[in-house]
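J.: my_file-v3.pdb is the file, holding PDB, C-alpha atoms:
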ATOM      1  CA  MET A  16     -14.338 137.369 -76.161  1.00  0.00           C
ATOM      2  CA  GLU A  17     -17.318 138.983 -77.808  1.00  0.00           C
ATOM      3  CA  SER A  18     -16.725 142.439 -76.358  1.00  0.00           C
ATOM      4  CA  ALA A  19     -15.466 143.796 -79.690  1.00  0.00           C
ATOM      5  CA  VAL A  20     -18.663 142.674 -81.455  1.00  0.00           C
ATOM      6  CA  ILE A  21     -20.825 144.083 -78.666  1.00  0.00           C
ATOM      7  CA  SER A  22     -19.062 147.451 -78.787  1.00  0.00           C
ATOM      8  CA  VAL A  23     -19.669 147.659 -82.550  1.00  0.00           C
ATOM      9  CA  LEU A  24     -23.354 146.842 -82.051  1.00  0.00           C
ATOM     10  CA  ASP A  25     -23.575 149.426 -79.279  1.00  0.00           C
ATOM     11  CA  SER A  26     -22.119 152.158 -81.484  1.00  0.00           C
ATOM     12  CA  LEU A  27     -24.482 151.186 -84.324  1.00  0.00           C
ATOM     13  CA  ILE A  28     -27.624 151.264 -82.220  1.00  0.00           C
ATOM     14  CA  LYS A  29     -26.738 154.734 -80.946  1.00  0.00           C
ATOM     15  CA  SER A  30     -26.872 156.005 -84.544  1.00  0.00           C
ATOM     16  CA  GLU A  31     -29.800 158.171 -85.424  1.00  0.00           C
ATOM     17  CA  GLY A  32     -32.946 156.318 -86.404  1.00  0.00           C
ATOM     18  CA  VAL A  33     -31.519 152.870 -85.706  1.00  0.00           C
ATOM     19  CA  LYS A  34     -33.980 150.770 -83.738  1.00  0.00           C
ATOM     20  CA  GLY A  35     -32.242 147.429 -83.906  1.00  0.00           C
ATOM     21  CA  VAL A  36     -29.139 145.722 -85.189  1.00  0.00           C
ATOM     22  CA  LEU A  37     -28.166 142.076 -85.716  1.00  0.00           C
ATOM     23  CA  ILE A  38     -25.025 140.345 -86.875  1.00  0.00           C
ATOM     24  CA  ALA A  39     -24.908 136.724 -88.023  1.00  0.00           C
ATOM     25  CA  ASP A  40     -22.016 134.439 -89.004  1.00  0.00           C
ATOM     26  CA  GLU A  41     -21.642 132.408 -92.191  1.00  0.00           C
ATOM     27  CA  HIS A  42     -23.677 129.544 -90.697  1.00  0.00           C
ATOM     28  CA  GLY A  43     -26.668 131.783 -90.038  1.00  0.00           C
ATOM     29  CA  LEU A  44     -26.065 131.788 -86.284  1.00  0.00           C
ATOM     30  CA  CYS A  45     -26.574 135.007 -84.348  1.00  0.00           C
ATOM     31  CA  LEU A  46     -23.382 136.647 -83.082  1.00  0.00           C
ATOM     32  CA  GLY A  47     -25.185 139.545 -81.465  1.00  0.00           C
ATOM     33  CA  ALA A  48     -28.465 141.427 -81.539  1.00  0.00           C
ATOM     34  CA  LYS A  49     -29.602 144.690 -79.991  1.00  0.00           C
ATOM     35  CA  GLY A  50     -32.846 146.629 -79.894  1.00  0.00           C
ATOM     36  CA  ILE A  51     -35.861 145.315 -81.772  1.00  0.00           C
ATOM     37  CA  ALA A  52     -33.814 142.739 -83.695  1.00  0.00           C
ATOM     38  CA  ASN A  53     -34.851 139.197 -82.797  1.00  0.00           C
ATOM     39  CA  PRO A  54     -31.837 136.817 -82.452  1.00  0.00           C
ATOM     40  CA  ASN A  55     -33.978 133.986 -83.835  1.00  0.00           C
ATOM     41  CA  SER A  56     -34.247 135.772 -87.171  1.00  0.00           C
ATOM     42  CA  ALA A  57     -30.489 135.507 -87.811  1.00  0.00           C
ATOM     43  CA  GLY A  58     -30.910 132.373 -89.930  1.00  0.00           C
ATOM     44  CA  PHE A  59     -33.506 133.907 -92.239  1.00  0.00           C
ATOM     45  CA  ILE A  60     -31.680 137.225 -92.538  1.00  0.00           C
ATOM     46  CA  SER A  61     -28.446 135.553 -93.623  1.00  0.00           C
ATOM     47  CA  ALA A  62     -30.413 133.287 -96.000  1.00  0.00           C
ATOM     48  CA  ILE A  63     -31.977 136.381 -97.623  1.00  0.00           C
ATOM     49  CA  ALA A  64     -28.509 137.893 -98.046  1.00  0.00           C
ATOM     50  CA  THR A  65     -26.996 134.745 -99.592  1.00  0.00           C
ATOM     51  CA  HIS A  66     -29.894 134.302-101.990  1.00  0.00           C
ATOM     52  CA  ALA A  67     -29.691 137.927-103.092  1.00  0.00           C
ATOM     53  CA  LYS A  68     -25.972 137.485-103.735  1.00  0.00           C
ATOM     54  CA  SER A  69     -26.651 134.542-106.006  1.00  0.00           C
ATOM     55  CA  LEU A  70     -28.936 136.646-108.219  1.00  0.00           C
ATOM     56  CA  HIS A  71     -25.781 137.896-109.953  1.00  0.00           C
ATOM     57  CA  ASP A  72     -23.019 135.583-111.187  1.00  0.00           C
ATOM     58  CA  ASP A  73     -20.742 138.497-112.040  1.00  0.00           C
ATOM     59  CA  PRO A  74     -17.996 138.770-109.392  1.00  0.00           C
ATOM     60  CA  ASN A  75     -17.330 142.400-110.355  1.00  0.00           C
ATOM     61  CA  ILE A  76     -20.713 143.470-109.074  1.00  0.00           C
ATOM     62  CA  GLN A  77     -20.690 144.867-105.585  1.00  0.00           C
ATOM     63  CA  VAL A  78     -22.289 142.874-102.797  1.00  0.00           C
ATOM     64  CA  PRO A  79     -25.993 143.841-102.778  1.00  0.00           C
ATOM     65  CA  THR A  80     -27.678 145.635 -99.927  1.00  0.00           C
ATOM     66  CA  ILE A  81     -31.214 144.372 -99.387  1.00  0.00           C
ATOM     67  CA  LYS A  82     -33.838 146.790 -98.155  1.00  0.00           C
ATOM     68  CA  ILE A  83     -37.056 145.384 -96.742  1.00  0.00           C
ATOM     69  CA  GLU A  84     -39.789 147.912 -96.070  1.00  0.00           C
ATOM     70  CA  THR A  85     -42.552 147.078 -93.661  1.00  0.00           C
ATOM     71  CA  GLU A  86     -45.224 149.283 -92.197  1.00  0.00           C
ATOM     72  CA  LYS A  87     -43.301 149.776 -88.997  1.00  0.00           C
ATOM     73  CA  SER A  88     -39.664 149.751 -90.006  1.00  0.00           C
ATOM     74  CA  ILE A  89     -37.036 149.318 -92.684  1.00  0.00           C
ATOM     75  CA  ILE A  90     -34.518 146.485 -92.546  1.00  0.00           C
ATOM     76  CA  LEU A  91     -31.187 146.870 -94.359  1.00  0.00           C
ATOM     77  CA  ILE A  92     -29.209 143.670 -94.879  1.00  0.00           C
ATOM     78  CA  GLN A  93     -25.726 143.195 -96.238  1.00  0.00           C
ATOM     79  CA  ASN A  94     -23.408 140.208 -96.386  1.00  0.00           C
ATOM     80  CA  ASN A  95     -19.661 140.638 -96.909  1.00  0.00           C
ATOM     81  CA  GLY A  96     -18.757 136.939 -97.129  1.00  0.00           C
ATOM     82  CA  ASN A  97     -18.141 136.101 -93.508  1.00  0.00           C
ATOM     83  CA  HIS A  98     -20.823 138.047 -91.694  1.00  0.00           C
ATOM     84  CA  THR A  99     -24.299 139.314 -92.374  1.00  0.00           C
ATOM     85  CA  LEU A 100     -25.327 142.617 -90.876  1.00  0.00           C
ATOM     86  CA  ALA A 101     -28.930 143.734 -90.492  1.00  0.00           C
ATOM     87  CA  VAL A 102     -29.942 147.225 -89.395  1.00  0.00           C
ATOM     88  CA  PHE A 103     -33.521 147.979 -88.364  1.00  0.00           C
ATOM     89  CA  LYS A 104     -34.581 151.581 -88.827  1.00  0.00           C
TER
ATOM     90  CA  MET B  10     -53.916 112.366 -93.268  1.00  0.00           C
ATOM     91  CA  GLY B  11     -50.693 110.407 -93.353  1.00  0.00           C
ATOM     92  CA  GLU B  12     -50.105 111.379 -96.967  1.00  0.00           C
ATOM     93  CA  GLU B  13     -50.461 115.062 -96.171  1.00  0.00           C
ATOM     94  CA  ILE B  14     -47.812 114.878 -93.475  1.00  0.00           C
ATOM     95  CA  GLN B  15     -45.521 112.919 -95.779  1.00  0.00           C
ATOM     96  CA  ALA B  16     -46.065 115.473 -98.551  1.00  0.00           C
ATOM     97  CA  TYR B  17     -45.293 118.291 -96.099  1.00  0.00           C
ATOM     98  CA  PHE B  18     -41.989 116.678 -95.163  1.00  0.00           C
ATOM     99  CA  ASP B  19     -41.142 115.969 -98.807  1.00  0.00           C
ATOM    100  CA  LYS B  20     -41.743 119.635 -99.587  1.00  0.00           C
ATOM    101  CA  LEU B  21     -39.300 120.687 -96.867  1.00  0.00           C
ATOM    102  CA  LEU B  22     -36.457 119.214 -98.923  1.00  0.00           C
ATOM    103  CA  THR B  23     -37.192 121.647-101.749  1.00  0.00           C
ATOM    104  CA  ARG B  24     -37.775 124.620 -99.439  1.00  0.00           C
ATOM    105  CA  ILE B  25     -34.341 124.704 -97.865  1.00  0.00           C
ATOM    106  CA  ASP B  26     -31.090 124.729 -99.825  1.00  0.00           C
ATOM    107  CA  GLY B  27     -28.879 121.790 -99.036  1.00  0.00           C
ATOM    108  CA  LEU B  28     -31.369 119.856 -96.896  1.00  0.00           C
ATOM    109  CA  LYS B  29     -30.886 116.195 -97.771  1.00  0.00           C
ATOM    110  CA  ALA B  30     -33.065 114.218 -95.373  1.00  0.00           C
ATOM    111  CA  VAL B  31     -35.643 114.688 -92.650  1.00  0.00           C
ATOM    112  CA  THR B  32     -36.785 111.984 -90.252  1.00  0.00           C
ATOM    113  CA  VAL B  33     -39.091 111.807 -87.278  1.00  0.00           C
ATOM    114  CA  THR B  34     -38.333 108.837 -85.048  1.00  0.00           C
ATOM    115  CA  ASP B  35     -38.969 107.732 -81.510  1.00  0.00           C
ATOM    116  CA  ARG B  36     -36.195 107.402 -78.958  1.00  0.00           C
ATOM    117  CA  ASP B  37     -35.444 103.814 -80.029  1.00  0.00           C
ATOM    118  CA  GLY B  38     -34.827 104.801 -83.627  1.00  0.00           C
ATOM    119  CA  VAL B  39     -38.116 103.526 -85.075  1.00  0.00           C
ATOM    120  CA  ILE B  40     -38.817 105.716 -88.114  1.00  0.00           C
ATOM    121  CA  LEU B  41     -42.258 107.338 -88.177  1.00  0.00           C
ATOM    122  CA  ILE B  42     -41.701 109.712 -91.070  1.00  0.00           C
ATOM    123  CA  LYS B  43     -38.823 109.748 -93.485  1.00  0.00           C
ATOM    124  CA  SER B  44     -38.055 111.970 -96.417  1.00  0.00           C
ATOM    125  CA  VAL B  45     -34.791 111.596 -98.328  1.00  0.00           C
ATOM    126  CA  SER B  46     -33.577 113.678-101.271  1.00  0.00           C
ATOM    127  CA  ASN B  47     -33.130 111.867-104.598  1.00  0.00           C
ATOM    128  CA  ASN B  48     -29.545 112.899-105.096  1.00  0.00           C
ATOM    129  CA  VAL B  49     -28.218 111.284-101.939  1.00  0.00           C
ATOM    130  CA  SER B  50     -27.894 107.684-100.789  1.00  0.00           C
ATOM    131  CA  PRO B  51     -30.585 106.581 -98.306  1.00  0.00           C
ATOM    132  CA  ARG B  52     -27.757 105.036 -96.308  1.00  0.00           C
ATOM    133  CA  ILE B  53     -26.931 108.431 -94.798  1.00  0.00           C
ATOM    134  CA  LEU B  54     -29.754 107.746 -92.377  1.00  0.00           C
ATOM    135  CA  GLU B  55     -28.134 105.442 -89.856  1.00  0.00           C
ATOM    136  CA  PRO B  56     -30.444 103.949 -87.213  1.00  0.00           C
ATOM    137  CA  ALA B  57     -27.823 104.974 -84.672  1.00  0.00           C
ATOM    138  CA  LEU B  58     -28.441 108.683 -85.406  1.00  0.00           C
ATOM    139  CA  SER B  59     -31.568 108.817 -83.283  1.00  0.00           C
ATOM    140  CA  THR B  60     -30.536 106.436 -80.545  1.00  0.00           C
ATOM    141  CA  THR B  61     -27.216 108.210 -80.041  1.00  0.00           C
ATOM    142  CA  PHE B  62     -28.979 111.558 -79.915  1.00  0.00           C
ATOM    143  CA  ALA B  63     -31.445 110.257 -77.334  1.00  0.00           C
ATOM    144  CA  VAL B  64     -28.571 109.291 -75.031  1.00  0.00           C
ATOM    145  CA  VAL B  65     -26.579 112.497 -75.595  1.00  0.00           C
ATOM    146  CA  SER B  66     -29.627 114.715 -75.186  1.00  0.00           C
ATOM    147  CA  GLU B  67     -30.409 113.064 -71.865  1.00  0.00           C
ATOM    148  CA  GLN B  68     -26.843 113.646 -70.704  1.00  0.00           C
ATOM    149  CA  ALA B  69     -26.898 117.229 -71.942  1.00  0.00           C
ATOM    150  CA  SER B  70     -30.044 117.886 -69.915  1.00  0.00           C
ATOM    151  CA  LYS B  71     -27.946 117.175 -66.810  1.00  0.00           C
ATOM    152  CA  LEU B  72     -25.589 120.084 -67.436  1.00  0.00           C
ATOM    153  CA  GLY B  73     -27.693 122.294 -65.219  1.00  0.00           C
ATOM    154  CA  LEU B  74     -29.072 124.329 -68.127  1.00  0.00           C
ATOM    155  CA  LYS B  75     -32.567 122.827 -68.117  1.00  0.00           C
ATOM    156  CA  LYS B  76     -33.762 120.443 -70.809  1.00  0.00           C
ATOM    157  CA  ASN B  77     -31.739 120.022 -73.975  1.00  0.00           C
ATOM    158  CA  LYS B  78     -33.654 121.300 -76.999  1.00  0.00           C
ATOM    159  CA  SER B  79     -31.379 120.626 -79.940  1.00  0.00           C
ATOM    160  CA  ILE B  80     -27.903 119.511 -80.951  1.00  0.00           C
ATOM    161  CA  VAL B  81     -26.021 120.539 -84.088  1.00  0.00           C
ATOM    162  CA  SER B  82     -23.252 118.232 -85.337  1.00  0.00           C
ATOM    163  CA  LEU B  83     -20.984 119.556 -88.070  1.00  0.00           C
ATOM    164  CA  PHE B  84     -19.028 117.104 -90.173  1.00  0.00           C
ATOM    165  CA  GLY B  85     -16.868 117.499 -93.248  1.00  0.00           C
ATOM    166  CA  LEU B  86     -19.573 116.751 -95.795  1.00  0.00           C
ATOM    167  CA  PHE B  87     -22.784 117.020 -93.807  1.00  0.00           C
ATOM    168  CA  GLN B  88     -24.347 118.663 -90.833  1.00  0.00           C
ATOM    169  CA  ILE B  89     -26.950 117.025 -88.655  1.00  0.00           C
ATOM    170  CA  VAL B  90     -29.410 119.083 -86.644  1.00  0.00           C
ATOM    171  CA  GLN B  91     -31.500 117.104 -84.182  1.00  0.00           C
ATOM    172  CA  PHE B  92     -34.338 118.200 -81.946  1.00  0.00           C
ATOM    173  CA  ASN B  93     -35.639 116.721 -78.750  1.00  0.00           C
ATOM    174  CA  HIS B  94     -39.376 116.812 -79.421  1.00  0.00           C
ATOM    175  CA  THR B  95     -40.185 114.368 -76.609  1.00  0.00           C
ATOM    176  CA  PRO B  96     -41.237 111.603 -77.062  1.00  0.00           C
ATOM    177  CA  LEU B  97     -40.056 111.992 -80.640  1.00  0.00           C
ATOM    178  CA  ILE B  98     -36.756 112.977 -82.228  1.00  0.00           C
ATOM    179  CA  THR B  99     -36.556 115.087 -85.375  1.00  0.00           C
ATOM    180  CA  THR B 100     -33.394 114.754 -87.448  1.00  0.00           C
ATOM    181  CA  LEU B 101     -32.371 117.064 -90.279  1.00  0.00           C
ATOM    182  CA  VAL B 102     -29.396 116.090 -92.454  1.00  0.00           C
ATOM    183  CA  ALA B 103     -28.011 118.830 -94.699  1.00  0.00           C
ATOM    184  CA  ASP B 104     -24.861 119.889 -96.565  1.00  0.00           C
ATOM    185  CA  SER B 105     -22.155 121.210 -94.282  1.00  0.00           C
ATOM    186  CA  ASP B 106     -22.399 124.668 -95.894  1.00  0.00           C
ATOM    187  CA  SER B 107     -26.172 124.923 -95.448  1.00  0.00           C
ATOM    188  CA  ASN B 108     -27.601 127.673 -93.277  1.00  0.00           C
ATOM    189  CA  THR B 109     -27.651 126.228 -89.759  1.00  0.00           C
ATOM    190  CA  GLY B 110     -29.765 129.098 -88.430  1.00  0.00           C
ATOM    191  CA  VAL B 111     -32.549 128.318 -90.897  1.00  0.00           C
ATOM    192  CA  LEU B 112     -32.419 124.623 -89.923  1.00  0.00           C
ATOM    193  CA  LEU B 113     -32.709 125.516 -86.235  1.00  0.00           C
ATOM    194  CA  ASP B 114     -35.708 127.740 -86.967  1.00  0.00           C
ATOM    195  CA  LEU B 115     -37.219 124.879 -88.955  1.00  0.00           C
ATOM    196  CA  GLY B 116     -37.070 122.735 -85.820  1.00  0.00           C
ATOM    197  CA  ASP B 117     -39.303 125.180 -83.975  1.00  0.00           C
ATOM    198  CA  GLU B 118     -41.761 125.021 -86.863  1.00  0.00           C
ATOM    199  CA  LEU B 119     -41.647 121.223 -86.918  1.00  0.00           C
ATOM    200  CA  LYS B 120     -42.386 121.002 -83.193  1.00  0.00           C
ATOM    201  CA  ASP B 121     -46.041 121.783 -83.917  1.00  0.00           C
ATOM    202  CA  VAL B 122     -46.175 118.931 -86.410  1.00  0.00           C
ATOM    203  CA  THR B 123     -44.421 116.415 -84.143  1.00  0.00           C
ATOM    204  CA  ASP B 124     -46.716 117.388 -81.256  1.00  0.00           C
ATOM    205  CA  ILE B 125     -49.670 116.336 -83.412  1.00  0.00           C
ATOM    206  CA  ILE B 126     -47.994 113.028 -84.251  1.00  0.00           C
ATOM    207  CA  ALA B 127     -47.095 112.408 -80.613  1.00  0.00           C
ATOM    208  CA  SER B 128     -50.634 113.049 -79.399  1.00  0.00           C
ATOM    209  CA  ALA B 129     -52.007 110.743 -82.108  1.00  0.00           C
ATOM    210  CA  LEU B 130     -49.608 108.062 -80.899  1.00  0.00           C
ATOM    211  CA  SER B 131     -50.623 108.425 -77.274  1.00  0.00           C
ATOM    212  CA  GLU B 132     -54.307 108.194 -78.261  1.00  0.00           C
ATOM    213  CA  ARG B 133     -53.582 104.894 -79.985  1.00  0.00           C
ATOM    214  CA  GLN B 134     -51.972 103.479 -76.892  1.00  0.00           C
ATOM    215  CA  VAL B 135     -55.015 104.317 -74.797  1.00  0.00           C
ATOM    216  CA  ILE B 136     -57.290 102.445 -77.211  1.00  0.00           C
ATOM    217  CA  VAL B 137     -55.053  99.350 -77.176  1.00  0.00           C
TER
END
Have the structure of the file written as structure tokens, please.

T.:
Amino acid sequence: MESAVISVLDSLIKSEGVKGVLIADEHGLCLGAKGIANPNSAGFISAIATHAKSLHDDPNIQVPTIKIETEKSIILIQNNGNHTLAVFK
Amino acid sequence: MGEEIQAYFDKLLTRIDGLKAVTVTDRDGVILIKSVSNNVSPRILEPALSTTFAVVSEQASKLGLKKNKSIVSLFGLFQIVQFNHTPLITTLVADSDSNTGVLLDLGDELKDVTDIIASALSERQVIV
């Protein structure tokens, strides 16, 4: 049932520089995680995405991409309404 | 010390969007700590919440998947996330559109707090 999601995650993690990838549903529950992405962080990652979205009331503004820089890696987070995707580089 | 724990639980309601109530009870439903948001009726905390969970959690532990850790119940208006922090039960009541993942992570954080309460309780019993 989840083979389609897994194949997407597999193709993402093979991309250059990608160390981890995580996808969460609208409830903040992890649908899949690969690499250095921790499945337990799905709740917080989707919360970050929803809060960032609420910074703008304007519906014409594109959905924001959040970039979190740490010493070891960069995390890119985007939420398109139903799912939240996080890429660890 | 009791006030600090109560203040910690009260603060949880402001930390997480949509969280309406937090309780720590024993398996019989006796409330040890309770924190309810102002904009919701205190009647959302039914005594049966904990006792029902205690029974269901015990049954769930017999599914052959080791001990049951938590159960999420989604309703139309609310969601209830409950944790088996033996001998105590932690119940979180939140809006149905709240972030369930964050609530589940909160349970792991609260386990440290309920462990302290549980050990304090067991010390009391020894003295008696």

J.: Sorted by chain and rising residue number, list the residues of chain B at most 10 Å from chain A (counting only C-alpha atoms), each with its closest atom pair and distance in Å to one decimal, as a Markdown table.

T.:
| residue | atom | partner | partner_atom | distance |
| --- | --- | --- | --- | --- |
| B:Ile25 | CA | A:Ala62 | CA | 9.6 |
| B:Asp26 | CA | A:Ala62 | CA | 9.4 |
| B:Ser105 | CA | A:His42 | CA | 9.2 |
| B:Asp106 | CA | A:His42 | CA | 7.2 |
| B:Ser107 | CA | A:His42 | CA | 7.1 |
| B:Asn108 | CA | A:His42 | CA | 5.1 |
| B:Thr109 | CA | A:His42 | CA | 5.3 |
| B:Gly110 | CA | A:Gly58 | CA | 3.8 |
| B:Val111 | CA | A:Gly58 | CA | 4.5 |
| B:Leu112 | CA | A:Gly58 | CA | 7.9 |
| B:Leu113 | CA | A:Gly58 | CA | 8.0 |
| B:Asp114 | CA | A:Asn55 | CA | 7.2 |
| B:Leu115 | CA | A:Gly58 | CA | 9.8 |

J.: Between CA of Asn75 (chain A) and CA of Asn95 (chain A), what is the distance, to one decimal in Å?

T.: 13.8 Å

J.: I need the residue set behind the PyMOL selection byres ((chain A and resi 90) around 6) for this file; please write it as a list in words.

T.: Lys82, Ile83, Ile89, Leu91, Val102 and Phe103 of chain A

J.: What does the distance between CA of Thr99 (chain A) and CA of Asp25 (chain A) come to in Å, to one decimal place?

T.: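 These two atoms are separated by 16.6 Å.
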
J.: Let me make sure I understand: among A:Ile38, A:Val23, A:Ile51, A:Leu46, which one has the smallest atom-to-atom distance to Ser88 (chain A) if we use only C-alpha atoms?

T.: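 Between A:Ile38, A:Val23, A:Ile51, A:Leu46, the residue approaching Ser88 (chain A) most closely is A:Ile51.
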
J.: Between B:Ser128, B:Thr34, B:Ser46, B:Thr61, which residue has the minimum interatomic distance to Ile80 (chain B), considering only C-alpha atoms?

T.: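 The shortest atom-to-atom distance to Ile80 (chain B) comes from B:Thr61.
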